[in-house]
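For reference, the structure discussed in these notes is given below.
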Amino acid sequence: MTAIQNAGSLRLILFGPPGAGKGTQAQLLKERLEIDHISSGDLFRHHLSNGTELGELARGYMNRGDLVPDEVTIGMVLDRITTMPDGQGFMLDGFPRNTNQAKALDDALAQRGQRIDRVLHIKVADNELIRRLSNRYICRNCQKPFTRDPVSGDAPRRCDDCADGGDIYQRDDDTPDAVANRLTVYHAETAPVLDFYRESGILADIRGDSTVESVNRLALDALGLTSEV
Ligand code: AMP
């Protein structure tokens, strides 16, 4: 793999199953690298809470844990990327989720003379993902993820990152049925995208079953940036 030259213009994909910790790592990497975080799930949730036509279209797919059709998803994400200033780096989270999306992304970047620099694949076993997702809560405001208190088992109430203490809720698609379907969809449709990036030599596999800090260290290692911490 080629070394990363300029972290601020890095074009990165955070890849992995639901519950692997992509959102958590994205928050840390965003602060460190000063690149934009583009989460397709957050974009959809934003549309949902604003009651847009796109949000209404996505709602059923999301609640079942199915992929929203490519005709809608690809345009939404590529619009965001192709309207960014040229040298601005970004980190995609939740996109691409099938090979069609990966090819559309490659083509759109190639038209701008750009390419993805690195794909960080966070690997976690299914039983651990199920455990994490059933304990997961997020801030309605800033999307920061939270978990139940390990001692009391209580769910957190207010976000400690938002000035006005954003409301914390459990996602509709973190229910057991939707979680089971999301994992099935991940293995059937999303995991094959890994071969696409493995062939281009930009894929880095990272173990995601340790602490947030260790996973972050592995992610920075894979970007050749650890020594700057
Ligand atoms: P996430 O927050 O990434 O877990 O995404 C939540 C839901 O949004 C997914 O279960 C899908 O229904 C939808 N979604 C997010 N990203 C995509 C994508 N790249 N392609 C299709 N559907 C997506």
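Just remember, in the structure tokens the first chain shown is A, the second B, etc., residues are 1-based per chain, and ligands are 1-based in the order shown.
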
Using backbone DSSP assignments, extract all alpha helix (DSSP H) residues from range 25-211 of chain A; output them as a ChimeraX atom specification.
/A:25-33,40-49,53-64,70-82,99-111,126-134,176-185,193-199

Can you work out which residues are within 8 Å of ligand 1, considering only C-alpha atoms and all ligand atoms, and then hand them over as a VMD selection string?
chain A and resid 18 to 19 39 to 42 44 to 45 58 to 59 61 to 70 73 to 74 93 to 98 101 173 182

Leaving out Cys139 in chain A and any residue of its chain fewer than 2 positions from it, which residues lie within 9 Å of it when counting only C-alpha atoms, given as a compact mmCIF listing (two decimals) with all heavy atoms, in the first residue's frame?
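Dumped everything to result.txt:
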```txt
# COMPACT_ATOMS: atom_id res chain seq x y z
N TYR A 137 -27.63 3.19 21.78
CA TYR A 137 -28.50 4.36 21.75
C TYR A 137 -27.76 5.45 21.00
O TYR A 137 -26.53 5.45 20.99
CB TYR A 137 -28.82 4.83 23.18
CG TYR A 137 -29.65 3.82 23.92
CD1 TYR A 137 -29.06 2.69 24.50
CD2 TYR A 137 -31.03 3.94 24.00
CE1 TYR A 137 -29.82 1.73 25.13
CE2 TYR A 137 -31.80 2.99 24.63
CZ TYR A 137 -31.19 1.88 25.20
OH TYR A 137 -31.95 0.92 25.81
N ASN A 141 -29.65 14.55 18.03
CA ASN A 141 -29.05 15.78 17.51
C ASN A 141 -27.80 15.55 16.69
O ASN A 141 -27.73 15.89 15.52
CB ASN A 141 -28.64 16.60 18.74
CG ASN A 141 -29.17 17.99 18.69
OD1 ASN A 141 -29.93 18.33 17.79
ND2 ASN A 141 -28.78 18.78 19.67
N CYS A 142 -26.76 14.94 17.35
CA CYS A 142 -25.44 14.85 16.71
C CYS A 142 -25.10 13.43 16.29
O CYS A 142 -24.03 13.19 15.74
CB CYS A 142 -24.36 15.38 17.65
SG CYS A 142 -24.02 14.30 19.05
N GLN A 143 -25.98 12.46 16.56
CA GLN A 143 -25.80 11.06 16.16
C GLN A 143 -24.70 10.33 16.93
O GLN A 143 -24.31 9.21 16.57
CB GLN A 143 -25.49 10.93 14.64
CG GLN A 143 -26.36 11.76 13.73
CD GLN A 143 -27.76 11.21 13.59
OE1 GLN A 143 -27.96 10.01 13.64
NE2 GLN A 143 -28.72 12.09 13.46
N LYS A 144 -24.19 10.95 18.01
CA LYS A 144 -23.15 10.26 18.79
C LYS A 144 -23.73 8.98 19.40
O LYS A 144 -24.82 8.99 19.96
CB LYS A 144 -22.65 11.18 19.91
CG LYS A 144 -21.57 10.55 20.77
CD LYS A 144 -21.06 11.50 21.84
CE LYS A 144 -20.11 10.76 22.78
NZ LYS A 144 -19.60 11.63 23.85
N PRO A 145 -22.99 7.83 19.26
CA PRO A 145 -23.50 6.58 19.85
C PRO A 145 -23.22 6.47 21.34
O PRO A 145 -22.19 6.93 21.83
CB PRO A 145 -22.74 5.50 19.07
CG PRO A 145 -21.59 6.17 18.42
CD PRO A 145 -21.77 7.65 18.49
N PHE A 146 -24.16 5.86 22.07
CA PHE A 146 -24.02 5.59 23.51
C PHE A 146 -24.41 4.14 23.77
O PHE A 146 -25.07 3.52 22.95
CB PHE A 146 -24.96 6.49 24.32
CG PHE A 146 -24.59 7.95 24.30
CD1 PHE A 146 -25.04 8.76 23.28
CD2 PHE A 146 -23.79 8.49 25.28
CE1 PHE A 146 -24.69 10.11 23.24
CE2 PHE A 146 -23.44 9.83 25.26
CZ PHE A 146 -23.89 10.64 24.24
N ARG A 158 -29.34 11.99 28.19
CA ARG A 158 -28.99 13.22 27.48
C ARG A 158 -27.57 13.13 26.93
O ARG A 158 -26.69 12.57 27.57
CB ARG A 158 -29.06 14.43 28.43
CG ARG A 158 -30.47 14.75 28.89
CD ARG A 158 -31.20 15.57 27.84
NE ARG A 158 -32.64 15.47 27.98
CZ ARG A 158 -33.51 15.72 27.01
NH1 ARG A 158 -33.08 16.05 25.81
NH2 ARG A 158 -34.80 15.62 27.21
N CYS A 159 -27.35 13.71 25.76
CA CYS A 159 -26.03 13.68 25.13
C CYS A 159 -25.08 14.63 25.85
O CYS A 159 -25.43 15.79 26.10
CB CYS A 159 -26.17 14.08 23.66
SG CYS A 159 -24.60 14.14 22.81
N CYS A 162 -23.63 17.51 23.19
CA CYS A 162 -24.44 18.60 22.64
C CYS A 162 -24.67 19.66 23.71
O CYS A 162 -24.99 19.32 24.85
CB CYS A 162 -25.80 18.08 22.18
SG CYS A 162 -25.68 17.10 20.69
N GLY A 165 -27.84 19.30 25.49
CA GLY A 165 -28.10 17.94 25.96
C GLY A 165 -29.11 17.20 25.10
O GLY A 165 -30.24 16.97 25.49
N GLY A 166 -28.69 16.86 23.86
CA GLY A 166 -29.58 16.23 22.88
C GLY A 166 -30.28 14.98 23.41
O GLY A 166 -29.74 14.26 24.26
N ASP A 167 -31.48 14.75 22.92
CA ASP A 167 -32.30 13.61 23.30
C ASP A 167 -31.66 12.31 22.79
O ASP A 167 -31.20 12.24 21.66
CB ASP A 167 -33.67 13.84 22.62
CG ASP A 167 -34.63 12.72 22.89
OD1 ASP A 167 -34.54 12.15 23.99
OD2 ASP A 167 -35.47 12.43 22.02
N ILE A 168 -31.63 11.28 23.64
CA ILE A 168 -31.02 10.01 23.24
C ILE A 168 -32.11 8.96 23.02
O ILE A 168 -33.05 8.86 23.82
CB ILE A 168 -30.02 9.56 24.31
CG1 ILE A 168 -28.82 10.52 24.27
CG2 ILE A 168 -29.56 8.13 24.09
CD1 ILE A 168 -27.78 10.25 25.29
N TYR A 169 -32.02 8.22 21.93
CA TYR A 169 -33.07 7.25 21.61
C TYR A 169 -32.46 5.97 21.02
O TYR A 169 -31.28 5.94 20.64
CB TYR A 169 -34.08 7.86 20.63
CG TYR A 169 -33.61 7.95 19.19
CD1 TYR A 169 -34.21 7.17 18.20
CD2 TYR A 169 -32.55 8.78 18.82
CE1 TYR A 169 -33.78 7.24 16.88
CE2 TYR A 169 -32.13 8.85 17.51
CZ TYR A 169 -32.74 8.09 16.53
OH TYR A 169 -32.31 8.14 15.23
N GLN A 170 -33.29 4.92 20.96
CA GLN A 170 -32.84 3.68 20.32
C GLN A 170 -33.41 3.65 18.90
O GLN A 170 -34.60 3.92 18.70
CB GLN A 170 -33.35 2.47 21.11
CG GLN A 170 -32.77 1.16 20.58
CD GLN A 170 -32.85 0.02 21.59
OE1 GLN A 170 -33.81 -0.07 22.35
NE2 GLN A 170 -31.85 -0.84 21.59
```

With only C-alpha atoms as the counted atoms, please give the residues lying no more than 9 Å from Leu12 in chain A, apart from itself and same-chain residues fewer than 4 positions off, as a PyMOL selection string.
chain A and resi 89-93+116-120

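One distance worth recording is that between CA of Ile122 in chain A and CA of Ala180 in chain A, which is 18.8 Å.
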
Filtered DSSP result for range 26-172 of chain A, state strand (DSSP E or B), as a PyMOL selection string
chain A and resi 36-39+90-93+118-123+136-139+145-147+158+167-169

Keeping N, CA and C atoms, export the residues of the selection given above as a PDB file, in the first residue's frame.
```
ATOM      1  N   ASP A  36     -14.064  15.475   6.311  1.00  0.00           N
ATOM      2  CA  ASP A  36     -15.521  15.403   6.502  1.00  0.00           C
ATOM      3  C   ASP A  36     -15.968  13.964   6.735  1.00  0.00           C
ATOM      4  N   HIS A  37     -16.978  13.824   7.576  1.00  0.00           N
ATOM      5  CA  HIS A  37     -17.562  12.499   7.834  1.00  0.00           C
ATOM      6  C   HIS A  37     -18.880  12.434   7.077  1.00  0.00           C
ATOM      7  N   ILE A  38     -18.983  11.511   6.137  1.00  0.00           N
ATOM      8  CA  ILE A  38     -20.222  11.381   5.353  1.00  0.00           C
ATOM      9  C   ILE A  38     -20.826  10.013   5.640  1.00  0.00           C
ATOM     10  N   SER A  39     -21.877   9.997   6.443  1.00  0.00           N
ATOM     11  CA  SER A  39     -22.540   8.741   6.791  1.00  0.00           C
ATOM     12  C   SER A  39     -23.862   8.683   6.027  1.00  0.00           C
ATOM     13  N   PHE A  90     -12.385  13.231   2.842  1.00  0.00           N
ATOM     14  CA  PHE A  90     -13.644  12.776   3.438  1.00  0.00           C
ATOM     15  C   PHE A  90     -13.533  11.325   3.866  1.00  0.00           C
ATOM     16  N   MET A  91     -14.449  10.957   4.723  1.00  0.00           N
ATOM     17  CA  MET A  91     -14.499   9.598   5.247  1.00  0.00           C
ATOM     18  C   MET A  91     -15.930   9.100   5.053  1.00  0.00           C
ATOM     19  N   LEU A  92     -16.111   8.110   4.214  1.00  0.00           N
ATOM     20  CA  LEU A  92     -17.437   7.544   3.980  1.00  0.00           C
ATOM     21  C   LEU A  92     -17.724   6.465   5.009  1.00  0.00           C
ATOM     22  N   ASP A  93     -18.944   6.468   5.521  1.00  0.00           N
ATOM     23  CA  ASP A  93     -19.335   5.506   6.558  1.00  0.00           C
ATOM     24  C   ASP A  93     -20.711   4.968   6.151  1.00  0.00           C
ATOM     25  N   ARG A 118      -7.827   4.702   0.946  1.00  0.00           N
ATOM     26  CA  ARG A 118      -7.752   3.555   1.854  1.00  0.00           C
ATOM     27  C   ARG A 118      -9.152   3.127   2.289  1.00  0.00           C
ATOM     28  N   VAL A 119      -9.342   1.817   2.404  1.00  0.00           N
ATOM     29  CA  VAL A 119     -10.589   1.268   2.949  1.00  0.00           C
ATOM     30  C   VAL A 119     -10.234   0.573   4.258  1.00  0.00           C
ATOM     31  N   LEU A 120     -10.785   1.057   5.363  1.00  0.00           N
ATOM     32  CA  LEU A 120     -10.528   0.427   6.666  1.00  0.00           C
ATOM     33  C   LEU A 120     -11.688  -0.503   6.974  1.00  0.00           C
ATOM     34  N   HIS A 121     -11.401  -1.790   6.999  1.00  0.00           N
ATOM     35  CA  HIS A 121     -12.439  -2.798   7.235  1.00  0.00           C
ATOM     36  C   HIS A 121     -12.388  -3.222   8.697  1.00  0.00           C
ATOM     37  N   ILE A 122     -13.408  -2.836   9.472  1.00  0.00           N
ATOM     38  CA  ILE A 122     -13.452  -3.177  10.897  1.00  0.00           C
ATOM     39  C   ILE A 122     -14.214  -4.493  11.050  1.00  0.00           C
ATOM     40  N   LYS A 123     -13.486  -5.522  11.517  1.00  0.00           N
ATOM     41  CA  LYS A 123     -14.072  -6.874  11.590  1.00  0.00           C
ATOM     42  C   LYS A 123     -14.546  -7.207  13.004  1.00  0.00           C
ATOM     43  N   ARG A 136     -27.397  -0.366  22.007  1.00  0.00           N
ATOM     44  CA  ARG A 136     -26.961   0.899  21.408  1.00  0.00           C
ATOM     45  C   ARG A 136     -28.050   1.972  21.437  1.00  0.00           C
ATOM     46  N   TYR A 137     -27.628   3.186  21.778  1.00  0.00           N
ATOM     47  CA  TYR A 137     -28.504   4.361  21.751  1.00  0.00           C
ATOM     48  C   TYR A 137     -27.761   5.455  21.003  1.00  0.00           C
ATOM     49  N   ILE A 138     -28.516   6.377  20.380  1.00  0.00           N
ATOM     50  CA  ILE A 138     -27.801   7.489  19.735  1.00  0.00           C
ATOM     51  C   ILE A 138     -28.481   8.824  20.037  1.00  0.00           C
ATOM     52  N   CYS A 139     -27.671   9.886  19.912  1.00  0.00           N
ATOM     53  CA  CYS A 139     -28.190  11.233  20.131  1.00  0.00           C
ATOM     54  C   CYS A 139     -28.958  11.679  18.884  1.00  0.00           C
ATOM     55  N   PRO A 145     -22.993   7.830  19.263  1.00  0.00           N
ATOM     56  CA  PRO A 145     -23.503   6.585  19.848  1.00  0.00           C
ATOM     57  C   PRO A 145     -23.222   6.470  21.343  1.00  0.00           C
ATOM     58  N   PHE A 146     -24.157   5.855  22.066  1.00  0.00           N
ATOM     59  CA  PHE A 146     -24.021   5.590  23.509  1.00  0.00           C
ATOM     60  C   PHE A 146     -24.410   4.139  23.774  1.00  0.00           C
ATOM     61  N   THR A 147     -24.012   3.619  24.963  1.00  0.00           N
ATOM     62  CA  THR A 147     -24.479   2.281  25.353  1.00  0.00           C
ATOM     63  C   THR A 147     -25.112   2.373  26.738  1.00  0.00           C
ATOM     64  N   ARG A 158     -29.343  11.994  28.192  1.00  0.00           N
ATOM     65  CA  ARG A 158     -28.986  13.222  27.480  1.00  0.00           C
ATOM     66  C   ARG A 158     -27.572  13.132  26.931  1.00  0.00           C
ATOM     67  N   ASP A 167     -31.478  14.750  22.920  1.00  0.00           N
ATOM     68  CA  ASP A 167     -32.301  13.606  23.300  1.00  0.00           C
ATOM     69  C   ASP A 167     -31.656  12.307  22.786  1.00  0.00           C
ATOM     70  N   ILE A 168     -31.625  11.276  23.637  1.00  0.00           N
ATOM     71  CA  ILE A 168     -31.015  10.007  23.240  1.00  0.00           C
ATOM     72  C   ILE A 168     -32.106   8.961  23.018  1.00  0.00           C
ATOM     73  N   TYR A 169     -32.016   8.218  21.928  1.00  0.00           N
ATOM     74  CA  TYR A 169     -33.066   7.245  21.609  1.00  0.00           C
ATOM     75  C   TYR A 169     -32.461   5.968  21.019  1.00  0.00           C
TER      76      TYR A 169
END
```

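Going from CA of Val72 in chain A to CA of Leu57 in chain A covers 8.9 Å.
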
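Across the structure, CA of Ala102 in chain A and CA of Glu31 in chain A are spaced 25.8 Å apart.
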
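For the choices A:Asn6, A:Ser49, A:Gln25, A:Asn100, the atom-to-atom distance to Arg217 in chain A is smallest for A:Gln25 when using only C-alpha atoms.
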
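Using only C-alpha atoms, the nearest neighbour of Asp86 in chain A within the list A:Gln111, A:Gln27, A:Ser9, A:Ser152 is A:Ser9.
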
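In this comparison, which uses only C-alpha atoms, the residue of A:Ala20, A:Glu56, A:Gly8, A:Lys103 approaching Leu33 in chain A most closely is A:Gly8.
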
Would you pick out the contacts of Asp174 in chain A at 8 Å or less, using only C-alpha atoms, so that residues sharing its chain but fewer than 5 positions from it are not included, and give the list as number ranges by chain?
A: 133-134, 136, 179
